[in-house]
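One file, run20.txt, is given below (compact mmCIF, N, CA, C and O atoms).
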# COMPACT_ATOMS: atom_id res chain seq x y z
N MET D 198 333.19 260.10 287.83
CA MET D 198 332.12 260.20 288.81
C MET D 198 332.59 259.74 290.18
O MET D 198 332.20 260.32 291.18
N PHE D 199 333.39 258.69 290.21
CA PHE D 199 333.83 258.18 291.52
C PHE D 199 334.82 259.15 292.18
O PHE D 199 334.91 259.19 293.40
N LYS D 200 335.54 259.91 291.37
CA LYS D 200 336.44 260.92 291.92
C LYS D 200 335.64 262.00 292.65
O LYS D 200 336.02 262.46 293.72
N ALA D 201 334.50 262.38 292.09
CA ALA D 201 333.63 263.36 292.73
C ALA D 201 333.08 262.83 294.04
O ALA D 201 332.98 263.56 295.03
N ILE D 202 332.77 261.56 294.09
CA ILE D 202 332.25 260.96 295.31
C ILE D 202 333.33 260.92 296.39
O ILE D 202 333.06 261.18 297.57
N HIS D 203 334.57 260.64 295.99
CA HIS D 203 335.67 260.68 296.96
C HIS D 203 335.86 262.09 297.52
O HIS D 203 336.11 262.26 298.72
N LEU D 204 335.76 263.09 296.66
CA LEU D 204 335.88 264.47 297.13
C LEU D 204 334.73 264.84 298.05
O LEU D 204 334.92 265.55 299.04
N GLN D 205 333.53 264.36 297.74
CA GLN D 205 332.39 264.61 298.62
C GLN D 205 332.60 263.97 299.99
O GLN D 205 332.29 264.57 301.01
N LEU D 206 333.13 262.78 299.98
CA LEU D 206 333.39 262.08 301.24
C LEU D 206 334.43 262.83 302.07
O LEU D 206 334.27 263.00 303.29
N GLY D 207 335.48 263.31 301.43
CA GLY D 207 336.50 264.07 302.14
C GLY D 207 335.95 265.37 302.71
O GLY D 207 336.24 265.75 303.85
N ALA D 208 335.14 266.07 301.92
CA ALA D 208 334.52 267.31 302.40
C ALA D 208 333.57 267.03 303.56
O ALA D 208 333.49 267.82 304.50
N ALA D 209 332.88 265.89 303.50
CA ALA D 209 331.96 265.53 304.58
C ALA D 209 332.71 265.28 305.88
O ALA D 209 332.27 265.72 306.96
N VAL D 210 333.82 264.58 305.80
CA VAL D 210 334.60 264.29 307.00
C VAL D 210 335.14 265.58 307.62
O VAL D 210 335.02 265.79 308.84
N ILE D 211 335.68 266.46 306.80
CA ILE D 211 336.23 267.72 307.30
C ILE D 211 335.12 268.58 307.90
O ILE D 211 335.27 269.15 308.99
N THR D 212 333.97 268.66 307.24
CA THR D 212 332.86 269.46 307.74
C THR D 212 332.29 268.87 309.02
O THR D 212 331.95 269.62 309.95
N ALA D 213 332.18 267.55 309.09
CA ALA D 213 331.65 266.92 310.30
C ALA D 213 332.57 267.16 311.49
O ALA D 213 332.10 267.43 312.60
N ILE D 214 333.87 267.07 311.27
CA ILE D 214 334.83 267.33 312.36
C ILE D 214 334.72 268.79 312.80
O ILE D 214 334.71 269.09 314.00
N GLY D 215 334.60 269.70 311.85
CA GLY D 215 334.46 271.11 312.19
C GLY D 215 333.17 271.39 312.95
O GLY D 215 333.17 272.12 313.95
N ALA D 216 332.07 270.81 312.51
CA ALA D 216 330.79 271.01 313.20
C ALA D 216 330.81 270.37 314.57
O ALA D 216 330.25 270.90 315.53
N GLY D 217 331.48 269.22 314.67
CA GLY D 217 331.61 268.58 315.97
C GLY D 217 332.41 269.41 316.94
O GLY D 217 332.11 269.48 318.14
N ALA D 218 333.45 270.09 316.44
CA ALA D 218 334.28 270.94 317.31
C ALA D 218 333.53 272.19 317.74
O ALA D 218 333.71 272.66 318.86
N ILE D 219 332.69 272.73 316.86
CA ILE D 219 331.99 273.97 317.18
C ILE D 219 330.69 273.72 317.94
O ILE D 219 330.43 274.35 318.96
N VAL D 220 329.87 272.80 317.45
CA VAL D 220 328.54 272.59 318.01
C VAL D 220 328.51 271.43 319.00
O VAL D 220 327.76 271.45 319.96
N GLY D 221 329.30 270.42 318.72
CA GLY D 221 329.28 269.23 319.57
C GLY D 221 328.74 268.04 318.80
O GLY D 221 328.73 268.02 317.57
N THR D 222 328.26 267.07 319.53
CA THR D 222 327.79 265.83 318.93
C THR D 222 326.62 266.06 317.99
O THR D 222 326.53 265.42 316.93
N ARG D 223 325.72 266.96 318.36
CA ARG D 223 324.57 267.26 317.48
C ARG D 223 325.02 267.73 316.11
O ARG D 223 324.48 267.33 315.08
N GLY D 224 326.02 268.60 316.06
CA GLY D 224 326.53 269.10 314.79
C GLY D 224 327.21 268.02 313.99
O GLY D 224 327.04 267.93 312.78
N PHE D 225 327.99 267.19 314.67
CA PHE D 225 328.70 266.10 314.01
C PHE D 225 327.71 265.13 313.36
O PHE D 225 327.84 264.76 312.20
N VAL D 226 326.70 264.73 314.12
CA VAL D 226 325.70 263.78 313.60
C VAL D 226 324.87 264.43 312.50
O VAL D 226 324.55 263.77 311.49
N SER D 227 324.52 265.70 312.65
CA SER D 227 323.72 266.38 311.64
C SER D 227 324.45 266.45 310.30
O SER D 227 323.87 266.19 309.25
N VAL D 228 325.74 266.78 310.34
CA VAL D 228 326.52 266.81 309.10
C VAL D 228 326.67 265.39 308.54
O VAL D 228 326.61 265.19 307.33
N GLY D 229 326.85 264.43 309.42
CA GLY D 229 326.97 263.04 308.96
C GLY D 229 325.73 262.56 308.25
O GLY D 229 325.80 261.90 307.21
N LEU D 230 324.56 262.90 308.78
CA LEU D 230 323.31 262.50 308.13
C LEU D 230 323.11 263.23 306.81
O LEU D 230 322.63 262.65 305.84
N ALA D 231 323.48 264.51 306.77
CA ALA D 231 323.39 265.26 305.52
C ALA D 231 324.33 264.66 304.47
O ALA D 231 323.97 264.55 303.29
N ALA D 232 325.52 264.29 304.91
CA ALA D 232 326.49 263.68 303.98
C ALA D 232 325.99 262.34 303.46
O ALA D 232 326.13 262.05 302.27
N LEU D 233 325.41 261.56 304.33
CA LEU D 233 324.86 260.28 303.91
C LEU D 233 323.76 260.47 302.88
O LEU D 233 323.70 259.76 301.87
N ALA D 234 322.89 261.47 303.11
CA ALA D 234 321.80 261.74 302.18
C ALA D 234 322.30 262.28 300.84
O ALA D 234 321.64 262.12 299.82
N GLY D 235 323.46 262.90 300.84
CA GLY D 235 324.00 263.43 299.59
C GLY D 235 324.90 262.47 298.84
O GLY D 235 324.89 262.42 297.62
N ILE D 236 325.68 261.68 299.58
CA ILE D 236 326.68 260.82 298.94
C ILE D 236 326.10 259.48 298.49
O ILE D 236 326.43 258.99 297.40
N LEU D 237 325.26 258.88 299.29
CA LEU D 237 324.74 257.55 298.96
C LEU D 237 323.99 257.50 297.63
O LEU D 237 324.26 256.63 296.80
N PRO D 238 323.04 258.43 297.36
CA PRO D 238 322.40 258.40 296.04
C PRO D 238 323.37 258.66 294.89
O PRO D 238 323.24 258.07 293.81
N ASN D 239 324.37 259.52 295.13
CA ASN D 239 325.38 259.77 294.08
C ASN D 239 326.19 258.51 293.78
O ASN D 239 326.53 258.24 292.64
N LEU D 240 326.51 257.75 294.82
CA LEU D 240 327.26 256.52 294.64
C LEU D 240 326.45 255.51 293.81
O LEU D 240 326.97 254.92 292.86
N PHE D 241 325.19 255.34 294.15
CA PHE D 241 324.35 254.41 293.39
C PHE D 241 324.15 254.88 291.95
O PHE D 241 324.12 254.07 291.02
N PHE D 242 324.06 256.19 291.76
CA PHE D 242 323.93 256.75 290.42
C PHE D 242 325.18 256.48 289.59
O PHE D 242 325.11 256.10 288.42
N ALA D 243 326.35 256.66 290.20
CA ALA D 243 327.60 256.40 289.49
C ALA D 243 327.75 254.92 289.14
O ALA D 243 328.19 254.58 288.04
N ILE D 244 327.36 254.05 290.05
CA ILE D 244 327.42 252.61 289.77
C ILE D 244 326.48 252.26 288.61
O ILE D 244 326.83 251.50 287.72
N ARG D 245 325.28 252.85 288.64
CA ARG D 245 324.30 252.58 287.58
C ARG D 245 324.83 253.05 286.22
O ARG D 245 324.72 252.34 285.23
N LEU D 246 325.41 254.24 286.16
CA LEU D 246 325.94 254.73 284.89
C LEU D 246 327.12 253.90 284.40
O LEU D 246 327.27 253.68 283.20
N THR D 247 327.94 253.44 285.33
CA THR D 247 329.07 252.58 284.95
C THR D 247 328.58 251.27 284.35
O THR D 247 329.11 250.79 283.34
N MET D 248 327.55 250.70 284.94
CA MET D 248 326.99 249.45 284.41
C MET D 248 326.32 249.67 283.06
O MET D 248 326.42 248.83 282.17
N MET D 249 325.66 250.81 282.88
CA MET D 249 324.95 251.06 281.64
C MET D 249 325.91 251.39 280.49
O MET D 249 325.60 251.14 279.35
N ALA D 250 327.06 251.96 280.82
CA ALA D 250 328.02 252.33 279.77
C ALA D 250 328.58 251.10 279.08
O ALA D 250 328.93 251.15 277.90
N SER D 251 328.69 249.99 279.80
CA SER D 251 329.26 248.78 279.21
C SER D 251 328.21 247.91 278.53
O SER D 251 328.55 246.92 277.91
N ARG D 252 326.95 248.28 278.63
CA ARG D 252 325.89 247.48 278.02
C ARG D 252 325.65 247.97 276.59
O ARG D 252 325.34 249.14 276.38
N PRO D 253 325.78 247.09 275.60
CA PRO D 253 325.56 247.53 274.21
C PRO D 253 324.07 247.77 273.94
O PRO D 253 323.21 247.06 274.43
N GLY D 254 323.80 248.82 273.19
CA GLY D 254 322.43 249.11 272.78
C GLY D 254 321.61 249.84 273.82
O GLY D 254 320.44 250.10 273.60
N ALA D 255 322.19 250.19 274.96
CA ALA D 255 321.46 250.90 276.00
C ALA D 255 321.44 252.39 275.68
O ALA D 255 322.42 252.94 275.19
N SER D 256 320.33 253.02 275.97
CA SER D 256 320.21 254.46 275.77
C SER D 256 320.84 255.17 276.97
O SER D 256 320.25 255.21 278.05
N TYR D 257 322.02 255.71 276.76
CA TYR D 257 322.74 256.35 277.85
C TYR D 257 322.02 257.60 278.33
O TYR D 257 321.93 257.85 279.53
N ALA D 258 321.48 258.38 277.41
CA ALA D 258 320.80 259.63 277.78
C ALA D 258 319.55 259.34 278.61
O ALA D 258 319.29 259.98 279.62
N ALA D 259 318.76 258.37 278.18
CA ALA D 259 317.54 258.03 278.92
C ALA D 259 317.89 257.50 280.31
O ALA D 259 317.25 257.88 281.30
N ASN D 260 318.89 256.65 280.39
CA ASN D 260 319.29 256.12 281.70
C ASN D 260 319.86 257.21 282.59
O ASN D 260 319.68 257.17 283.81
N PHE D 261 320.54 258.18 282.01
CA PHE D 261 321.06 259.29 282.79
C PHE D 261 319.93 260.08 283.42
O PHE D 261 319.95 260.37 284.62
N PHE D 262 318.92 260.43 282.64
CA PHE D 262 317.83 261.25 283.17
C PHE D 262 316.96 260.47 284.16
O PHE D 262 316.52 261.03 285.17
N ILE D 263 316.73 259.21 283.90
CA ILE D 263 315.98 258.39 284.86
C ILE D 263 316.78 258.25 286.15
O ILE D 263 316.23 258.38 287.25
N GLY D 264 318.06 257.99 286.03
CA GLY D 264 318.91 257.87 287.22
C GLY D 264 319.00 259.16 288.00
O GLY D 264 319.00 259.16 289.24
N GLU D 265 319.06 260.28 287.30
CA GLU D 265 319.10 261.59 287.98
C GLU D 265 317.80 261.85 288.74
O GLU D 265 317.81 262.34 289.87
N PHE D 266 316.69 261.51 288.14
CA PHE D 266 315.39 261.66 288.80
C PHE D 266 315.31 260.79 290.05
O PHE D 266 314.88 261.25 291.11
N LEU D 267 315.76 259.55 289.94
CA LEU D 267 315.77 258.66 291.10
C LEU D 267 316.73 259.14 292.18
O LEU D 267 316.46 259.02 293.38
N LYS D 268 317.86 259.71 291.76
CA LYS D 268 318.85 260.23 292.72
C LYS D 268 318.27 261.38 293.52
O LYS D 268 318.43 261.45 294.74
N ILE D 269 317.57 262.28 292.86
CA ILE D 269 316.96 263.41 293.57
C ILE D 269 315.89 262.92 294.53
O ILE D 269 315.81 263.38 295.68
N GLY D 270 315.08 261.98 294.09
CA GLY D 270 314.05 261.41 294.97
C GLY D 270 314.65 260.71 296.18
O GLY D 270 314.16 260.85 297.31
N ALA D 271 315.72 259.96 295.96
CA ALA D 271 316.37 259.25 297.07
C ALA D 271 317.01 260.24 298.04
O ALA D 271 316.97 260.03 299.27
N THR D 272 317.57 261.32 297.53
CA THR D 272 318.18 262.33 298.40
C THR D 272 317.12 262.98 299.28
O THR D 272 317.31 263.12 300.49
N ILE D 273 316.00 263.35 298.70
CA ILE D 273 314.92 263.96 299.47
C ILE D 273 314.37 262.96 300.50
O ILE D 273 314.12 263.31 301.65
N GLY D 274 314.21 261.71 300.09
CA GLY D 274 313.72 260.69 301.01
C GLY D 274 314.68 260.44 302.17
O GLY D 274 314.24 260.33 303.32
N LEU D 275 315.97 260.38 301.88
CA LEU D 275 316.94 260.16 302.96
C LEU D 275 317.01 261.36 303.90
O LEU D 275 317.17 261.19 305.12
N LEU D 276 316.87 262.56 303.38
CA LEU D 276 316.83 263.74 304.25
C LEU D 276 315.59 263.71 305.14
O LEU D 276 315.67 264.03 306.34
N ALA D 277 314.46 263.32 304.59
CA ALA D 277 313.23 263.23 305.39
C ALA D 277 313.36 262.19 306.50
O ALA D 277 312.95 262.42 307.64
N ILE D 278 313.95 261.05 306.17
CA ILE D 278 314.17 260.01 307.18
C ILE D 278 315.12 260.49 308.26
O ILE D 278 314.90 260.26 309.45
N ALA D 279 316.17 261.21 307.86
CA ALA D 279 317.13 261.73 308.83
C ALA D 279 316.48 262.75 309.76
O ALA D 279 316.72 262.75 310.97
N ILE D 280 315.64 263.61 309.21
CA ILE D 280 314.99 264.64 310.02
C ILE D 280 314.01 264.00 311.00
O ILE D 280 313.95 264.40 312.17
N LYS D 281 313.25 263.04 310.55
CA LYS D 281 312.30 262.36 311.44
C LYS D 281 313.00 261.46 312.45
O LYS D 281 312.56 261.33 313.58
N GLY D 282 314.09 260.85 312.04
CA GLY D 282 314.77 259.88 312.90
C GLY D 282 315.70 260.48 313.93
O GLY D 282 316.09 259.81 314.90
N TYR D 283 316.09 261.73 313.75
CA TYR D 283 317.02 262.38 314.68
C TYR D 283 316.41 263.71 315.12
O TYR D 283 316.68 264.76 314.54
N PRO D 284 315.59 263.68 316.17
CA PRO D 284 314.88 264.91 316.58
C PRO D 284 315.79 266.01 317.13
O PRO D 284 315.40 267.16 317.16
N GLU D 285 317.01 265.68 317.54
CA GLU D 285 317.94 266.69 318.06
C GLU D 285 318.75 267.35 316.94
O GLU D 285 319.83 267.89 317.20
N MET D 286 318.25 267.32 315.74
CA MET D 286 318.96 267.83 314.57
C MET D 286 319.38 269.29 314.78
O MET D 286 318.59 270.11 315.23
N HIS D 287 320.62 269.58 314.46
CA HIS D 287 321.11 270.96 314.46
C HIS D 287 321.01 271.45 313.02
O HIS D 287 321.82 271.09 312.16
N TRP D 288 320.00 272.28 312.77
CA TRP D 288 319.66 272.66 311.41
C TRP D 288 320.76 273.39 310.66
O TRP D 288 320.99 273.10 309.48
N PRO D 289 321.44 274.36 311.27
CA PRO D 289 322.53 275.00 310.51
C PRO D 289 323.61 274.00 310.07
O PRO D 289 324.11 274.08 308.95
N SER D 290 323.94 273.06 310.94
CA SER D 290 324.95 272.05 310.57
C SER D 290 324.45 271.17 309.44
O SER D 290 325.21 270.84 308.52
N LEU D 291 323.18 270.80 309.49
CA LEU D 291 322.61 269.96 308.43
C LEU D 291 322.66 270.69 307.09
O LEU D 291 323.12 270.14 306.09
N LEU D 292 322.21 271.94 307.08
CA LEU D 292 322.16 272.68 305.82
C LEU D 292 323.54 273.01 305.27
O LEU D 292 323.79 272.87 304.07
N ILE D 293 324.44 273.44 306.15
CA ILE D 293 325.80 273.76 305.70
C ILE D 293 326.51 272.49 305.23
O ILE D 293 327.17 272.48 304.18
N GLY D 294 326.38 271.42 305.99
CA GLY D 294 327.00 270.16 305.59
C GLY D 294 326.47 269.65 304.27
O GLY D 294 327.22 269.18 303.41
N PHE D 295 325.15 269.74 304.07
CA PHE D 295 324.53 269.27 302.83
C PHE D 295 325.02 270.11 301.65
O PHE D 295 325.36 269.57 300.59
N ALA D 296 325.08 271.42 301.82
CA ALA D 296 325.55 272.30 300.75
C ALA D 296 327.02 272.02 300.40
O ALA D 296 327.38 271.96 299.23
N ILE D 297 327.85 271.84 301.41
CA ILE D 297 329.27 271.58 301.16
C ILE D 297 329.46 270.25 300.45
O ILE D 297 330.25 270.14 299.51
N VAL D 298 328.75 269.23 300.90
CA VAL D 298 328.89 267.90 300.28
C VAL D 298 328.44 267.93 298.83
O VAL D 298 329.10 267.38 297.95
N LEU D 299 327.33 268.58 298.54
CA LEU D 299 326.85 268.62 297.16
C LEU D 299 327.75 269.45 296.25
O LEU D 299 327.92 269.12 295.08
N HIS D 300 328.34 270.50 296.78
CA HIS D 300 329.20 271.33 295.95
C HIS D 300 330.62 270.79 295.82
O HIS D 300 331.35 271.19 294.92
N ALA D 301 331.01 269.91 296.69
CA ALA D 301 332.37 269.36 296.64
C ALA D 301 332.58 268.54 295.37
O ALA D 301 333.71 268.45 294.86
N GLY D 302 331.54 267.96 294.82
CA GLY D 302 331.67 267.18 293.60
C GLY D 302 332.10 267.99 292.40
O GLY D 302 332.71 267.48 291.46
N PHE D 303 331.81 269.30 292.42
CA PHE D 303 332.19 270.16 291.30
C PHE D 303 333.69 270.37 291.22
O PHE D 303 334.23 270.71 290.17
N ILE D 304 334.38 270.19 292.32
CA ILE D 304 335.84 270.34 292.33
C ILE D 304 336.48 269.28 291.43
O ILE D 304 337.52 269.51 290.84
N ALA D 305 335.84 268.14 291.28
CA ALA D 305 336.38 267.07 290.45
C ALA D 305 336.50 267.51 288.99
O ALA D 305 337.37 267.03 288.27
N PHE D 306 335.65 268.43 288.55
CA PHE D 306 335.72 268.88 287.16
C PHE D 306 336.87 269.85 286.93
O PHE D 306 337.30 270.06 285.81
N TRP D 307 337.36 270.49 287.99
CA TRP D 307 338.47 271.41 287.86
C TRP D 307 339.80 270.70 287.76
O TRP D 307 340.73 271.20 287.16
N LYS D 308 339.89 269.54 288.38
CA LYS D 308 341.16 268.80 288.40
C LYS D 308 341.24 267.92 287.15
O LYS D 308 340.28 267.27 286.77
N LYS D 309 342.40 267.86 286.57
CA LYS D 309 342.61 267.00 285.41
C LYS D 309 342.93 265.58 285.89
O LYS D 309 343.54 265.40 286.92
N PRO D 310 342.52 264.56 285.10
CA PRO D 310 342.75 263.17 285.53
C PRO D 310 344.19 262.77 285.63
O PRO D 310 345.10 263.27 285.21

What does the file become when written as structure tokens?
Amino acid sequence: MFKAIHLQLGAAVITAIGAGAIVGTRGFVSVGLAALAGILPNLFFAIRLTMMASRPGASYAANFFIGEFLKIGATIGLLAIAIKGYPEMHWPSLLIGFAIVLHAGFIAFWKKP
């Protein structure tokens, strides 16, 4: 899980630099906020699963689904805060950055450990 988060962070940095070069500061900040909304809940979810895996007698499946539900809620909440808090949002940069960050985690499954 942490490998996927590292890949998401790398994709976010590359996308933010690209958006900053094309759009300017608005694009850079928009991708940064999208990346924050996508990566931060994933990081907390990975930490939660790591802690639950070492606990004896814990229901891993139940904790996975509860954590996934909380992760989706936190992602939506962070996006809403970003949209309200940054009125100069560049929407194409936000959406493209968010899509790239969320899909970058799938690359971790292609690479062998």

* To do: Figure out the distance between atom N of D:Leu206 and atom C of D:Ile263, please, to one decimal in Å.
  =>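 Between atom C of D:Ile263 and atom N of D:Leu206 the gap is 21.9 Å.
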
* **Backbone DSSP call of alpha helix (DSSP H) for chain D, listed as number ranges by chain** => D: 199-219, 222-250, 257-282, 288-301, 304-307

* **Selected residue, from D:Ala216, D:Val210, D:Ala259, D:Leu246, that lies nearest to D:Ala232 when counting only N, CA, C and O atoms** => D:Val210

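Of the residues under consideration (D:Gly274, D:Gly282, D:Gly254, D:Gly235), D:Gly235 shows the shortest atom-to-atom contact distance to D:Phe295 when counting only C-alpha atoms.
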
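Distance-wise, atom C of D:Asn260 and atom N of D:Ile293 end up 29.0 Å apart.
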
* Tell me, in Å to one decimal, how far atom N of D:Gly270 is from atom C of D:Pro238. =>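 Taking atom N of D:Gly270 and atom C of D:Pro238, their separation equals 9.0 Å.
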
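Comparing D:Ile280, D:Phe306, D:Ile236, D:Phe262 by their smallest distance to D:Gln205, the closest is D:Ile236 (using all atoms listed in the file).
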
* Asked: Taking (316.7, 265.8, 313.2) in the file's coordinates, which residues come within 12 Å, counting only C-alpha atoms, written as number ranges by chain?
  -> D: 223-224, 226-231, 275-292

Determine, counting only N, CA, C and O atoms, which protein, DNA and RNA residues have an atom within 6 Å of an atom of stretch 298-305 of chain D; residues of the same chain fewer than 4 positions away are not included. Present the result as a short mmCIF file (atom, residue, chain, number, x, y, z; two decimals) with N, CA, C and O atoms, in the frame of the given file.
data_model
loop_
_atom_site.label_atom_id
_atom_site.label_comp_id
_atom_site.auth_asym_id
_atom_site.auth_seq_id
_atom_site.Cartn_x
_atom_site.Cartn_y
_atom_site.Cartn_z
N LYS D 200 335.54 259.91 291.37
CA LYS D 200 336.44 260.92 291.92
C LYS D 200 335.64 262.00 292.65
O LYS D 200 336.02 262.46 293.72
N ALA D 201 334.50 262.38 292.09
CA ALA D 201 333.63 263.36 292.73
C ALA D 201 333.08 262.83 294.04
O ALA D 201 332.98 263.56 295.03
N ILE D 202 332.77 261.56 294.09
CA ILE D 202 332.25 260.96 295.31
C ILE D 202 333.33 260.92 296.39
O ILE D 202 333.06 261.18 297.57
N LEU D 204 335.76 263.09 296.66
CA LEU D 204 335.88 264.47 297.13
C LEU D 204 334.73 264.84 298.05
O LEU D 204 334.92 265.55 299.04
N GLN D 205 333.53 264.36 297.74
CA GLN D 205 332.39 264.61 298.62
C GLN D 205 332.60 263.97 299.99
O GLN D 205 332.29 264.57 301.01
N ALA D 208 335.14 266.07 301.92
CA ALA D 208 334.52 267.31 302.40
C ALA D 208 333.57 267.03 303.56
O ALA D 208 333.49 267.82 304.50
N ALA D 209 332.88 265.89 303.50
CA ALA D 209 331.96 265.53 304.58
C ALA D 209 332.71 265.28 305.88
O ALA D 209 332.27 265.72 306.96
N ILE D 293 324.44 273.44 306.15
CA ILE D 293 325.80 273.76 305.70
C ILE D 293 326.51 272.49 305.23
O ILE D 293 327.17 272.48 304.18
N GLY D 294 326.38 271.42 305.99
CA GLY D 294 327.00 270.16 305.59
C GLY D 294 326.47 269.65 304.27
O GLY D 294 327.22 269.18 303.41
N LYS D 309 342.40 267.86 286.57
CA LYS D 309 342.61 267.00 285.41
C LYS D 309 342.93 265.58 285.89
O LYS D 309 343.54 265.40 286.92
#

* Would you please work out which residue, of D:Ile211, D:Leu233, D:Ile297, D:Leu267, is nearest to D:Arg245 when using only C-alpha atoms? =>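 Going through D:Ile211, D:Leu233, D:Ile297, D:Leu267 one by one, the smallest distance to D:Arg245 is for D:Leu267.
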